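So this one's start39.pdb, PDB, C-alpha atoms, pLDDT in the B column:
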ATOM      1  CA  MET A  15     -22.806  11.470  -2.232  1.00 89.00           C
ATOM      2  CA  LYS A  16     -20.691   8.326  -2.361  1.00 93.00           C
ATOM      3  CA  ILE A  17     -16.909   8.547  -2.564  1.00 95.00           C
ATOM      4  CA  THR A  18     -14.560   5.593  -3.004  1.00 96.00           C
ATOM      5  CA  LEU A  19     -11.066   6.050  -1.615  1.00 97.00           C
ATOM      6  CA  ILE A  20      -7.789   4.501  -2.707  1.00 96.00           C
ATOM      7  CA  ALA A  21      -7.273   3.722   0.987  1.00 96.00           C
ATOM      8  CA  ARG A  22      -8.345   0.200   1.901  1.00 97.00           C
ATOM      9  CA  ALA A  23      -9.680  -1.536   4.993  1.00 98.00           C
ATOM     10  CA  TYR A  24      -8.899  -5.251   4.998  1.00 98.00           C
ATOM     11  CA  GLY A  25      -7.853  -8.077   7.265  1.00 97.00           C
ATOM     12  CA  PRO A  26      -8.986  -8.792  10.829  1.00 98.00           C
ATOM     13  CA  TYR A  27      -9.028  -5.102  11.793  1.00 98.00           C
ATOM     14  CA  ARG A  28     -11.187  -3.942   8.894  1.00 98.00           C
ATOM     15  CA  GLY A  29     -13.978  -2.811  11.239  1.00 97.00           C
ATOM     16  CA  ARG A  30     -11.597  -0.832  13.424  1.00 97.00           C
ATOM     17  CA  ILE A  31     -10.142   0.923  10.384  1.00 98.00           C
ATOM     18  CA  LEU A  32     -13.617   1.846   9.120  1.00 98.00           C
ATOM     19  CA  GLY A  33     -14.550   3.229  12.520  1.00 97.00           C
ATOM     20  CA  LEU A  34     -11.380   5.300  12.655  1.00 96.00           C
ATOM     21  CA  ILE A  35     -11.754   6.724   9.166  1.00 96.00           C
ATOM     22  CA  LYS A  36     -15.398   7.613   9.759  1.00 96.00           C
ATOM     23  CA  SER A  37     -14.398   9.436  12.945  1.00 96.00           C
ATOM     24  CA  GLU A  38     -11.459  11.238  11.295  1.00 94.00           C
ATOM     25  CA  ILE A  39     -13.515  12.444   8.349  1.00 94.00           C
ATOM     26  CA  SER A  40     -16.427  13.457  10.567  1.00 94.00           C
ATOM     27  CA  ASN A  41     -13.982  15.675  12.468  1.00 93.00           C
ATOM     28  CA  MET A  42     -12.606  17.104   9.212  1.00 89.00           C
ATOM     29  CA  ILE A  43     -16.036  18.224   8.029  1.00 89.00           C
ATOM     30  CA  SER A  44     -17.509  19.086  11.425  1.00 89.00           C
ATOM     31  CA  GLU A  45     -17.681  22.798  10.552  1.00 89.00           C
ATOM     32  CA  LEU A  46     -19.526  22.089   7.303  1.00 88.00           C
ATOM     33  CA  ASP A  47     -23.149  21.292   6.603  1.00 87.00           C
ATOM     34  CA  ALA A  48     -22.319  17.637   5.958  1.00 88.00           C
ATOM     35  CA  GLU A  49     -22.262  14.285   7.720  1.00 91.00           C
ATOM     36  CA  VAL A  50     -20.657  10.890   7.169  1.00 92.00           C
ATOM     37  CA  GLN A  51     -23.596   8.485   7.160  1.00 92.00           C
ATOM     38  CA  LYS A  52     -21.703   5.267   6.519  1.00 94.00           C
ATOM     39  CA  ALA A  53     -18.242   3.836   5.899  1.00 96.00           C
ATOM     40  CA  ALA A  54     -18.057   0.491   4.085  1.00 98.00           C
ATOM     41  CA  THR A  55     -15.783  -1.281   1.595  1.00 97.00           C
ATOM     42  CA  ASP A  56     -16.044  -2.678  -1.896  1.00 95.00           C
ATOM     43  CA  LYS A  57     -15.000  -6.241  -2.739  1.00 93.00           C
ATOM     44  CA  ARG A  58     -11.333  -5.244  -2.865  1.00 95.00           C
ATOM     45  CA  GLY A  59     -11.327  -3.346   0.404  1.00 97.00           C
ATOM     46  CA  HIS A  60     -11.465   0.212  -0.933  1.00 97.00           C
ATOM     47  CA  ILE A  61     -13.306   2.415   1.540  1.00 98.00           C
ATOM     48  CA  ILE A  62     -16.668   3.764   0.376  1.00 97.00           C
ATOM     49  CA  LEU A  63     -18.036   6.796   2.208  1.00 96.00           C
ATOM     50  CA  SER A  64     -21.663   7.884   2.129  1.00 95.00           C
ATOM     51  CA  ILE A  65     -21.791  11.610   2.890  1.00 92.00           C
ATOM     52  CA  THR A  66     -24.848  13.848   3.025  1.00 91.00           C
ATOM     53  CA  GLY A  67     -24.982  17.627   2.937  1.00 86.00           C
ATOM     54  CA  ASN A  68     -23.540  20.481   0.926  1.00 83.00           C
ATOM     55  CA  GLU A  69     -20.069  21.458  -0.345  1.00 85.00           C
ATOM     56  CA  GLU A  70     -19.554  18.124  -2.078  1.00 82.00           C
ATOM     57  CA  GLU A  71     -16.746  19.383  -4.301  1.00 84.00           C
ATOM     58  CA  PHE A  72     -14.818  20.842  -1.363  1.00 88.00           C
ATOM     59  CA  ILE A  73     -15.184  17.627   0.645  1.00 90.00           C
ATOM     60  CA  ALA A  74     -14.085  15.513  -2.325  1.00 90.00           C
ATOM     61  CA  ASN A  75     -10.960  17.656  -2.739  1.00 90.00           C
ATOM     62  CA  VAL A  76     -10.092  17.302   0.953  1.00 90.00           C
ATOM     63  CA  LEU A  77     -10.539  13.523   0.852  1.00 92.00           C
ATOM     64  CA  ASN A  78      -8.499  13.234  -2.323  1.00 92.00           C
ATOM     65  CA  ARG A  79      -5.643  15.127  -0.692  1.00 90.00           C
ATOM     66  CA  GLU A  80      -5.756  13.113   2.549  1.00 89.00           C
ATOM     67  CA  TYR A  81      -6.581   9.593   1.349  1.00 90.00           C
ATOM     68  CA  GLY A  82      -6.786   9.601  -2.441  1.00 92.00           C
ATOM     69  CA  ILE A  83      -9.962   9.018  -4.443  1.00 95.00           C
ATOM     70  CA  VAL A  84     -10.151   6.229  -7.022  1.00 95.00           C
ATOM     71  CA  PRO A  85      -9.694   7.659 -10.520  1.00 92.00           C
ATOM     72  CA  LYS A  86     -12.341   7.535 -13.230  1.00 90.00           C
ATOM     73  CA  PRO A  87     -11.170   5.574 -16.307  1.00 90.00           C
ATOM     74  CA  GLU A  88     -12.069   8.383 -18.699  1.00 90.00           C
ATOM     75  CA  LYS A  89      -9.870  10.823 -16.786  1.00 91.00           C
ATOM     76  CA  LEU A  90      -6.707   8.719 -16.830  1.00 94.00           C
ATOM     77  CA  THR A  91      -3.845  10.208 -18.855  1.00 96.00           C
ATOM     78  CA  ILE A  92      -0.385   9.089 -19.924  1.00 98.00           C
ATOM     79  CA  GLY A  93       2.227  10.287 -17.434  1.00 98.00           C
ATOM     80  CA  GLN A  94      -0.301  10.534 -14.624  1.00 97.00           C
ATOM     81  CA  VAL A  95       0.947   9.409 -11.195  1.00 97.00           C
ATOM     82  CA  GLU A  96      -1.334   7.062  -9.256  1.00 97.00           C
ATOM     83  CA  ASN A  97      -1.116   5.387  -5.866  1.00 97.00           C
ATOM     84  CA  GLY A  98      -2.126   1.769  -5.503  1.00 97.00           C
ATOM     85  CA  TYR A  99      -1.367  -1.627  -4.022  1.00 98.00           C
ATOM     86  CA  LEU A 100       0.439  -4.629  -5.443  1.00 99.00           C
ATOM     87  CA  VAL A 101      -2.015  -7.452  -6.066  1.00 98.00           C
ATOM     88  CA  ASP A 102      -1.725 -11.145  -7.025  1.00 97.00           C
ATOM     89  CA  VAL A 103       2.071 -11.080  -6.817  1.00 98.00           C
ATOM     90  CA  GLY A 104       3.543 -14.320  -8.143  1.00 93.00           C
ATOM     91  CA  LYS A 105       0.443 -15.472  -9.992  1.00 96.00           C
ATOM     92  CA  VAL A 106       1.859 -14.556 -13.391  1.00 96.00           C
ATOM     93  CA  GLY A 107       5.403 -14.326 -14.670  1.00 95.00           C
ATOM     94  CA  TYR A 108       5.026 -11.535 -17.212  1.00 97.00           C
ATOM     95  CA  GLY A 109       4.652  -8.610 -14.810  1.00 98.00           C
ATOM     96  CA  LEU A 110       3.197  -7.160 -11.636  1.00 99.00           C
ATOM     97  CA  TYR A 111      -0.319  -5.834 -11.244  1.00 98.00           C
ATOM     98  CA  VAL A 112      -1.165  -2.737  -9.220  1.00 98.00           C
ATOM     99  CA  ASN A 113      -4.683  -2.116  -7.967  1.00 98.00           C
ATOM    100  CA  VAL A 114      -5.182   1.611  -8.578  1.00 96.00           C
ATOM    101  CA  GLY A 115      -8.842   1.475  -7.582  1.00 94.00           C
ATOM    102  CA  VAL A 116     -10.505   1.507 -11.001  1.00 92.00           C
ATOM    103  CA  SER A 117     -13.477  -0.867 -10.822  1.00 83.00           C
ATOM    104  CA  LYS A 118     -16.097   0.577 -13.180  1.00 77.00           C
ATOM    105  CA  PRO A 119     -17.166  -0.577 -15.679  1.00 73.00           C
ATOM    106  CA  SER A 120     -14.725  -3.386 -14.772  1.00 77.00           C
ATOM    107  CA  HIS A 121     -11.543  -3.878 -12.749  1.00 84.00           C
ATOM    108  CA  MET A 122      -8.574  -2.239 -14.455  1.00 93.00           C
ATOM    109  CA  ASP A 123      -5.386  -3.080 -12.610  1.00 96.00           C
ATOM    110  CA  ALA A 124      -2.250  -1.428 -13.959  1.00 98.00           C
ATOM    111  CA  LEU A 125       0.243  -3.904 -15.425  1.00 98.00           C
ATOM    112  CA  LEU A 126       3.947  -3.305 -14.867  1.00 99.00           C
ATOM    113  CA  PRO A 127       5.460  -5.458 -17.641  1.00 98.00           C
ATOM    114  CA  LEU A 128       8.457  -7.593 -16.702  1.00 98.00           C
ATOM    115  CA  HIS A 129      10.780  -5.879 -19.182  1.00 98.00           C
ATOM    116  CA  LYS A 130      10.051  -2.482 -17.614  1.00 98.00           C
ATOM    117  CA  ILE A 131      10.545  -3.841 -14.104  1.00 98.00           C
ATOM    118  CA  ARG A 132      13.896  -5.348 -15.127  1.00 98.00           C
ATOM    119  CA  ASN A 133      15.024  -2.093 -16.718  1.00 98.00           C
ATOM    120  CA  GLN A 134      13.958   0.075 -13.799  1.00 98.00           C
ATOM    121  CA  LEU A 135      15.486  -2.185 -11.150  1.00 97.00           C
ATOM    122  CA  GLU A 136      18.596  -3.005 -13.205  1.00 95.00           C
ATOM    123  CA  MET A 137      17.988  -6.749 -12.942  1.00 96.00           C
ATOM    124  CA  PRO A 138      18.219  -7.917 -16.586  1.00 94.00           C
ATOM    125  CA  LYS A 139      17.088 -11.475 -17.311  1.00 92.00           C
ATOM    126  CA  THR A 140      16.052 -12.025 -13.681  1.00 96.00           C
ATOM    127  CA  PRO A 141      12.774 -13.975 -13.328  1.00 96.00           C
ATOM    128  CA  LEU A 142       9.919 -11.983 -11.859  1.00 97.00           C
ATOM    129  CA  ARG A 143       9.462 -14.244  -8.845  1.00 96.00           C
ATOM    130  CA  LYS A 144      13.106 -13.791  -7.901  1.00 97.00           C
ATOM    131  CA  ILE A 145      12.807 -10.008  -8.267  1.00 98.00           C
ATOM    132  CA  ALA A 146       9.743 -10.027  -6.028  1.00 98.00           C
ATOM    133  CA  ARG A 147      11.463 -12.177  -3.372  1.00 97.00           C
ATOM    134  CA  ALA A 148      14.654 -10.124  -3.452  1.00 97.00           C
ATOM    135  CA  LEU A 149      12.916  -6.770  -3.107  1.00 98.00           C
ATOM    136  CA  ILE A 150       9.933  -7.783  -0.928  1.00 98.00           C
ATOM    137  CA  LEU A 151       7.367  -6.914  -3.593  1.00 99.00           C
ATOM    138  CA  VAL A 152       4.324  -8.423  -1.902  1.00 99.00           C
ATOM    139  CA  ASP A 153       0.536  -8.222  -1.975  1.00 98.00           C
ATOM    140  CA  ASN A 154      -0.915  -5.082  -0.351  1.00 98.00           C
ATOM    141  CA  LEU A 155       2.383  -3.182  -0.592  1.00 99.00           C
ATOM    142  CA  PRO A 156       1.531   0.462  -1.350  1.00 98.00           C
ATOM    143  CA  VAL A 157       3.333   1.714  -4.456  1.00 99.00           C
ATOM    144  CA  GLU A 158       3.262   4.786  -6.646  1.00 98.00           C
ATOM    145  CA  VAL A 159       3.219   4.271 -10.405  1.00 99.00           C
ATOM    146  CA  VAL A 160       3.349   6.373 -13.560  1.00 99.00           C
ATOM    147  CA  LEU A 161       0.827   5.446 -16.260  1.00 98.00           C
ATOM    148  CA  THR A 162       2.493   4.635 -19.588  1.00 98.00           C
ATOM    149  CA  GLY A 163      -0.375   3.112 -21.567  1.00 97.00           C
ATOM    150  CA  ILE A 164      -4.168   3.331 -21.389  1.00 95.00           C
ATOM    151  CA  ASP A 165      -6.706   1.296 -23.362  1.00 93.00           C
ATOM    152  CA  THR A 166     -10.049   1.793 -21.632  1.00 86.00           C
ATOM    153  CA  HIS A 167     -11.910   0.020 -24.444  1.00 86.00           C
ATOM    154  CA  ASN A 168     -10.097  -3.219 -23.598  1.00 89.00           C
ATOM    155  CA  SER A 169      -9.804  -2.427 -19.871  1.00 89.00           C
ATOM    156  CA  LYS A 170      -6.003  -2.313 -19.959  1.00 94.00           C
ATOM    157  CA  ILE A 171      -3.540  -0.003 -18.224  1.00 97.00           C
ATOM    158  CA  GLU A 172       0.251  -0.196 -18.305  1.00 98.00           C
ATOM    159  CA  ALA A 173       2.548   1.574 -15.877  1.00 99.00           C
ATOM    160  CA  GLU A 174       6.002   1.719 -14.341  1.00 99.00           C
ATOM    161  CA  PHE A 175       7.280   2.431 -10.848  1.00 99.00           C
ATOM    162  CA  SER A 176       7.593   6.122  -9.991  1.00 99.00           C
ATOM    163  CA  LYS A 177      10.910   7.580  -8.848  1.00 99.00           C
ATOM    164  CA  GLN A 178       9.531   7.769  -5.311  1.00 98.00           C
ATOM    165  CA  THR A 179       8.873   4.025  -5.222  1.00 99.00           C
ATOM    166  CA  LEU A 180      12.223   3.201  -6.849  1.00 98.00           C
ATOM    167  CA  ASP A 181      14.007   5.357  -4.266  1.00 98.00           C
ATOM    168  CA  ARG A 182      12.221   3.514  -1.464  1.00 98.00           C
ATOM    169  CA  ILE A 183      13.169   0.117  -2.888  1.00 98.00           C
ATOM    170  CA  GLU A 184      16.817   1.182  -3.116  1.00 97.00           C
ATOM    171  CA  ARG A 185      16.777   2.693   0.376  1.00 97.00           C
ATOM    172  CA  TRP A 186      15.377  -0.469   1.929  1.00 97.00           C
ATOM    173  CA  SER A 187      17.831  -2.658   0.004  1.00 96.00           C
ATOM    174  CA  LYS A 188      20.913  -0.722   1.087  1.00 95.00           C
ATOM    175  CA  ASP A 189      19.921   0.108   4.656  1.00 96.00           C
ATOM    176  CA  ASP A 190      21.765  -1.432   7.608  1.00 94.00           C
ATOM    177  CA  HIS A 191      18.543  -1.736   9.617  1.00 97.00           C
ATOM    178  CA  ASP A 192      16.045  -4.590   9.433  1.00 98.00           C
ATOM    179  CA  ARG A 193      12.443  -3.626   8.787  1.00 98.00           C
ATOM    180  CA  LEU A 194       9.104  -5.236   9.478  1.00 99.00           C
ATOM    181  CA  LEU A 195       6.172  -4.381   7.218  1.00 99.00           C
ATOM    182  CA  VAL A 196       2.763  -4.494   8.895  1.00 99.00           C
ATOM    183  CA  PHE A 197      -0.359  -4.078   6.747  1.00 99.00           C
ATOM    184  CA  GLY A 198      -4.000  -3.423   7.576  1.00 98.00           C
ATOM    185  CA  VAL A 199      -3.713  -1.846  11.032  1.00 98.00           C
ATOM    186  CA  THR A 200      -4.127   1.549  12.669  1.00 97.00           C
ATOM    187  CA  ARG A 201      -1.163   3.401  14.170  1.00 97.00           C
ATOM    188  CA  GLU A 202      -2.847   3.381  17.574  1.00 97.00           C
ATOM    189  CA  LEU A 203      -3.159  -0.411  17.522  1.00 98.00           C
ATOM    190  CA  LEU A 204       0.429  -0.837  16.361  1.00 98.00           C
ATOM    191  CA  ASP A 205       1.773   1.423  19.116  1.00 98.00           C
ATOM    192  CA  ARG A 206      -0.240  -0.398  21.755  1.00 98.00           C
ATOM    193  CA  VAL A 207       0.908  -3.851  20.640  1.00 98.00           C
ATOM    194  CA  LEU A 208       4.559  -2.769  20.584  1.00 98.00           C
ATOM    195  CA  SER A 209       4.220  -1.264  24.054  1.00 97.00           C
ATOM    196  CA  LYS A 210       2.534  -4.359  25.509  1.00 96.00           C
ATOM    197  CA  SER A 211       5.156  -6.640  23.978  1.00 96.00           C
ATOM    198  CA  GLY A 212       7.968  -4.606  25.517  1.00 96.00           C
ATOM    199  CA  HIS A 213       9.566  -3.934  22.122  1.00 95.00           C
ATOM    200  CA  GLU A 214       8.677  -0.278  21.689  1.00 95.00           C
ATOM    201  CA  GLY A 215      12.288   0.652  22.420  1.00 96.00           C
ATOM    202  CA  ASP A 216      13.599  -1.714  19.743  1.00 97.00           C
ATOM    203  CA  ILE A 217      12.019   0.297  16.932  1.00 98.00           C
ATOM    204  CA  TYR A 218      14.068   3.194  15.579  1.00 97.00           C
ATOM    205  CA  ARG A 219      11.208   4.665  13.567  1.00 97.00           C
ATOM    206  CA  ILE A 220       7.705   3.769  12.399  1.00 98.00           C
ATOM    207  CA  GLU A 221       7.270   4.878   8.792  1.00 98.00           C
ATOM    208  CA  ARG A 222       3.815   5.249   7.272  1.00 97.00           C
ATOM    209  CA  ILE A 223       3.947   3.847   3.737  1.00 98.00           C
ATOM    210  CA  GLY A 224       0.183   3.749   3.148  1.00 96.00           C
ATOM    211  CA  PRO A 225      -2.976   4.894   4.921  1.00 95.00           C
ATOM    212  CA  PHE A 226      -2.938   1.755   7.090  1.00 97.00           C
ATOM    213  CA  GLU A 227       0.396   0.203   6.144  1.00 98.00           C
ATOM    214  CA  TYR A 228       3.584   0.691   8.138  1.00 99.00           C
ATOM    215  CA  SER A 229       7.293  -0.037   7.993  1.00 99.00           C
ATOM    216  CA  LEU A 230       8.917  -0.610  11.382  1.00 98.00           C
ATOM    217  CA  ARG A 231      12.591   0.296  11.077  1.00 98.00           C
ATOM    218  CA  CYS A 232      14.395  -1.628  13.780  1.00 98.00           C
ATOM    219  CA  LYS A 233      17.415  -0.461  15.732  1.00 97.00           C
ATOM    220  CA  ARG A 234      20.699  -1.880  14.430  1.00 94.00           C
ATOM    221  CA  SER A 235      20.908  -4.297  17.344  1.00 94.00           C
ATOM    222  CA  THR A 236      17.364  -5.607  16.740  1.00 97.00           C
ATOM    223  CA  ARG A 237      16.331  -8.351  14.348  1.00 97.00           C
ATOM    224  CA  ALA A 238      12.964  -7.931  12.660  1.00 98.00           C
ATOM    225  CA  SER A 239      12.317 -11.656  13.075  1.00 97.00           C
ATOM    226  CA  GLY A 240      12.336 -11.156  16.839  1.00 97.00           C
ATOM    227  CA  ILE A 241       9.707  -8.437  16.555  1.00 98.00           C
ATOM    228  CA  VAL A 242       7.483 -10.760  14.501  1.00 97.00           C
ATOM    229  CA  THR A 243       7.788 -13.450  17.155  1.00 97.00           C
ATOM    230  CA  ALA A 244       6.763 -10.948  19.826  1.00 97.00           C
ATOM    231  CA  ILE A 245       3.866  -9.140  18.153  1.00 97.00           C
ATOM    232  CA  GLY A 246       2.642 -11.758  15.678  1.00 96.00           C
ATOM    233  CA  PRO A 247       0.440 -13.596  18.210  1.00 96.00           C
ATOM    234  CA  LYS A 248      -1.126 -10.263  19.196  1.00 96.00           C
ATOM    235  CA  LEU A 249      -1.945  -9.401  15.575  1.00 98.00           C
ATOM    236  CA  ARG A 250      -3.199 -12.722  14.237  1.00 97.00           C
ATOM    237  CA  GLY A 251      -4.143 -12.633  10.575  1.00 97.00           C
ATOM    238  CA  VAL A 252      -2.363  -9.333   9.927  1.00 98.00           C
ATOM    239  CA  PRO A 253      -0.017  -9.456   6.883  1.00 98.00           C
ATOM    240  CA  MET A 254       3.621  -8.992   7.975  1.00 98.00           C
ATOM    241  CA  HIS A 255       6.806  -9.184   5.927  1.00 98.00           C
ATOM    242  CA  LEU A 256      10.475  -9.110   6.890  1.00 98.00           C
ATOM    243  CA  VAL A 257      12.774  -6.698   5.065  1.00 98.00           C
ATOM    244  CA  ILE A 258      16.330  -7.845   5.797  1.00 97.00           C
ATOM    245  CA  PRO A 259      18.846  -6.112   3.501  1.00 96.00           C
ATOM    246  CA  ARG A 260      21.585  -8.767   3.773  1.00 95.00           C
ATOM    247  CA  GLU A 261      19.112 -11.487   2.763  1.00 94.00           C
ATOM    248  CA  MET A 262      17.732  -9.337  -0.046  1.00 94.00           C
ATOM    249  CA  GLU A 263      21.265  -8.912  -1.388  1.00 93.00           C
ATOM    250  CA  ALA A 264      21.951 -12.644  -1.147  1.00 93.00           C
ATOM    251  CA  ILE A 265      18.810 -13.484  -3.132  1.00 93.00           C
ATOM    252  CA  ARG A 266      19.628 -10.837  -5.719  1.00 88.00           C
ATOM    253  CA  ASP A 267      23.189 -12.108  -6.172  1.00 86.00           C
ATOM    254  CA  ALA A 268      22.290 -15.809  -6.256  1.00 83.00           C
ATOM    255  CA  LYS A 269      22.882 -17.513  -9.608  1.00 69.00           C
ATOM    256  CA  THR A 270      19.438 -19.159  -9.655  1.00 59.00           C
TER
END
So that I can check it, write out the structure of this file as structure tokens.
Amino acid sequence: MKITLIARAYGPYRGRILGLIKSEISNMISELDAEVQKAATDKRGHIILSITGNEEEFIANVLNREYGIVPKPEKLTIGQVENGYLVDVGKVGYGLYVNVGVSKPSHMDALLPLHKIRNQLEMPKTPLRKIARALILVDNLPVEVVLTGIDTHNSKIEAEFSKQTLDRIERWSKDDHDRLLVFGVTRELLDRVLSKSGHEGDIYRIERIGPFEYSLRCKRSTRASGIVTAIGPKLRGVPMHLVIPREMEAIRDAKT
């Protein structure tokens, strides 16, 4: 049995992530007559598990609950909530694309049209690139979307942000703490790097926003830029993004 997860392994620590997920799932199914033979990725980083043994349906349900399984196009429905990742942000001006994992018979990223994004975020007439810069809408950011249109014949999906994602955007925008987003790492690696850098005490909370994506909420006295300077060299090639509410507000309020 092969199962493709929404969860992705990408970047310089792809191999470490695959090793971790294989170990975690092997432990989950250790009492069953099943075994994880291999953990690999597709071209977009989605984790593919090769599992042998019985109780396939039970295992699939467990994995869907823990990590999410990519949906089948024929089972998509209007109003359905899907988890995914922003992809190719800034490449087009008419909307944002979300990789929800659909790849067969062809890639079907969900399009969030610009007019819906403007309405949901209450930023009328604002260009998409400015919206993305102001709200730190970046590649690999995990988001939850609600499907609003499905045309499998033409490989098209339309969607909008879910309330959960909108609430997170608002919370980050209005917070009085800086944040640092770190993508494509394990929690163990992140903890170790923070400890070795001497900045563990500068982080108020580490929030898991995706299977291997984290938001480091800094203490009020700590600037996220300082954390990047400290841990960046220890995590070369890892995508990191600053979330600084005062700068987000300035971009949002700017005339151009």
> Using only C-alpha atoms, which of A:Thr179, A:Gln51, A:Ser37, A:Asn75 sits nearest Leu19 in chain A?
Replying inline: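 Between A:Thr179, A:Gln51, A:Ser37, A:Asn75, the residue approaching Leu19 in chain A most closely is A:Asn75.
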I would like the residues chosen by the PyMOL selection byres ((chain A and resi 93) around 12) on the shown file; could you give them as a CSV table (one decimal) with C-alpha atoms, in the frame of the given file?
chain,number,residue,atom,x,y,z
A,90,LEU,CA,-6.7,8.7,-16.8
A,91,THR,CA,-3.8,10.2,-18.9
A,92,ILE,CA,-0.4,9.1,-19.9
A,94,GLN,CA,-0.3,10.5,-14.6
A,95,VAL,CA,0.9,9.4,-11.2
A,96,GLU,CA,-1.3,7.1,-9.3
A,159,VAL,CA,3.2,4.3,-10.4
A,160,VAL,CA,3.3,6.4,-13.6
A,161,LEU,CA,0.8,5.4,-16.3
A,162,THR,CA,2.5,4.6,-19.6
A,163,GLY,CA,-0.4,3.1,-21.6
A,164,ILE,CA,-4.2,3.3,-21.4
A,171,ILE,CA,-3.5,0.0,-18.2
A,172,GLU,CA,0.3,-0.2,-18.3
A,173,ALA,CA,2.5,1.6,-15.9
A,174,GLU,CA,6.0,1.7,-14.3
A,175,PHE,CA,7.3,2.4,-10.8
A,176,SER,CA,7.6,6.1,-10.0
> In Å, how far is it from CA of Ala124 in chain A to CA of Arg193 in chain A?
Replying inline: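 Computing it gives 27.2 Å between the two atoms.
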>> Between CA of Arg222 in chain A and CA of Leu149 in chain A, what is the distance in Å, rounded to a tenth?
In response: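 Separating CA of Arg222 in chain A from CA of Leu149 in chain A is a distance of 18.3 Å.
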> Near Thr166 in chain A, counting all atoms listed in the file, which residues have an atom at most 12 Å away, once you skip same-chain residues fewer than 5 positions from it, shown as JSON, numbers by chain?
Replying inline: {"A": [86, 87, 88, 89, 90, 91, 116, 117, 118, 119, 120, 121, 122, 123, 124, 171, 172]}
>> Using only C-alpha atoms, can you tell me which of A:Ala74, A:Ile17, A:Leu46, A:Ile258 comes closest to Arg234 in chain A?
In response: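 Comparing A:Ala74, A:Ile17, A:Leu46, A:Ile258 against Arg234 in chain A, the winner is A:Ile258.
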>> Show me, as a ChimeraX atom specification, the residues that have an atom within 8 Å of Val50 in chain A when counting only C-alpha atoms, minus same-chain residues fewer than 6 positions from it.
In response: /A:36,39-40,63-66
>> For a test of reading the model, state the distance in Å between CA of Lys170 in chain A and CA of Pro127 in chain A, rounded to one decimal.
In response: 12.1 Å
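Between Thr243 in chain A and the candidates A:Ala148, A:Ile20, A:Leu32, A:Leu208, the tightest atom-to-atom separation, counting all atoms listed in the file, involves A:Leu208.
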Using only the atoms of range 27-45 of chain A listed in the file, plus 8 Å on each side, state the axis-aligned box centre and edge lengths in Å rounded to one decimal, as lines of an AutoDock Vina configuration file.
center_x = -13.4
center_y = 8.8
center_z = 10.7
size_x = 24.7
size_y = 43.9
size_z = 21.4
>> Counting all atoms listed in the file, find residues at most 7 Å from (8.5, -3.5, 7.8) (file frame) and give them as a VMD selection string.
In response: chain A and resid 193 to 196 228 to 231 255 to 257
Residues proximal to (19.2, -1.9, 5.0) were defined as those with any atom within 12 Å of that point in the file's coordinates, counting only C-alpha atoms. Which are they, as an mmCIF file with C-alpha atoms, keeping the file's coordinate frame?
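And here's out.cif as it stands now:
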data_model
loop_
_atom_site.group_PDB
_atom_site.id
_atom_site.type_symbol
_atom_site.label_atom_id
_atom_site.label_comp_id
_atom_site.auth_asym_id
_atom_site.auth_seq_id
_atom_site.Cartn_x
_atom_site.Cartn_y
_atom_site.Cartn_z
ATOM 1 C CA LEU A 149 12.916 -6.770 -3.107
ATOM 2 C CA ARG A 182 12.221 3.514 -1.464
ATOM 3 C CA ILE A 183 13.169 0.117 -2.888
ATOM 4 C CA GLU A 184 16.817 1.182 -3.116
ATOM 5 C CA ARG A 185 16.777 2.693 0.376
ATOM 6 C CA TRP A 186 15.377 -0.469 1.929
ATOM 7 C CA SER A 187 17.831 -2.658 0.004
ATOM 8 C CA LYS A 188 20.913 -0.722 1.087
ATOM 9 C CA ASP A 189 19.921 0.108 4.656
ATOM 10 C CA ASP A 190 21.765 -1.432 7.608
ATOM 11 C CA HIS A 191 18.543 -1.736 9.617
ATOM 12 C CA ASP A 192 16.045 -4.590 9.433
ATOM 13 C CA ARG A 193 12.443 -3.626 8.787
ATOM 14 C CA LEU A 194 9.104 -5.236 9.478
ATOM 15 C CA ARG A 231 12.591 0.296 11.077
ATOM 16 C CA CYS A 232 14.395 -1.628 13.780
ATOM 17 C CA LYS A 233 17.415 -0.461 15.732
ATOM 18 C CA ARG A 234 20.699 -1.880 14.430
ATOM 19 C CA ARG A 237 16.331 -8.351 14.348
ATOM 20 C CA ALA A 238 12.964 -7.931 12.660
ATOM 21 C CA LEU A 256 10.475 -9.110 6.890
ATOM 22 C CA VAL A 257 12.774 -6.698 5.065
ATOM 23 C CA ILE A 258 16.330 -7.845 5.797
ATOM 24 C CA PRO A 259 18.846 -6.112 3.501
ATOM 25 C CA ARG A 260 21.585 -8.767 3.773
ATOM 26 C CA GLU A 261 19.112 -11.487 2.763
ATOM 27 C CA MET A 262 17.732 -9.337 -0.046
ATOM 28 C CA GLU A 263 21.265 -8.912 -1.388
#
> Do you know which residues the PyMOL selection byres ((chain A and resi 200) around 12) returns on this file, as a ChimeraX atom specification?
Replying inline: /A:22-35,196-199,201-207,222,224-228,249,252
> With all atoms listed in the file as the basis for distance, which of A:Leu100, A:Ile217, A:Lys210, A:His129 is at the shortest distance from Lys248 in chain A?
Replying inline: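 Using all atoms listed in the file, Lys248 in chain A sits closest to A:Lys210.
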> Smallest atom-to-atom distance to Ile223 in chain A: which of A:Gly98, A:Pro138, A:Pro85, A:Gly104, using all atoms listed in the file?
Replying inline: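 Of A:Gly98, A:Pro138, A:Pro85, A:Gly104, the one nearest Ile223 in chain A, counting all atoms listed in the file, is A:Gly98.
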> Excluding same-chain residues fewer than 6 positions from Glu71 in chain A, what lies within 12 Å of it counting all atoms listed in the file, as a PyMOL selection string?
Replying inline: chain A and resi 15-17+48+65+77-78
Let's have the selection written as a PDB file, in the frame of the given file, with C-alpha atoms.
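Writing the result to again-v7.pdb gives the following:
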ATOM      1  CA  MET A  15     -22.806  11.470  -2.232  1.00 89.00           C
ATOM      2  CA  LYS A  16     -20.691   8.326  -2.361  1.00 93.00           C
ATOM      3  CA  ILE A  17     -16.909   8.547  -2.564  1.00 95.00           C
ATOM      4  CA  ALA A  48     -22.319  17.637   5.958  1.00 88.00           C
ATOM      5  CA  ILE A  65     -21.791  11.610   2.890  1.00 92.00           C
ATOM      6  CA  LEU A  77     -10.539  13.523   0.852  1.00 92.00           C
ATOM      7  CA  ASN A  78      -8.499  13.234  -2.323  1.00 92.00           C
TER       8      ASN A  78
END
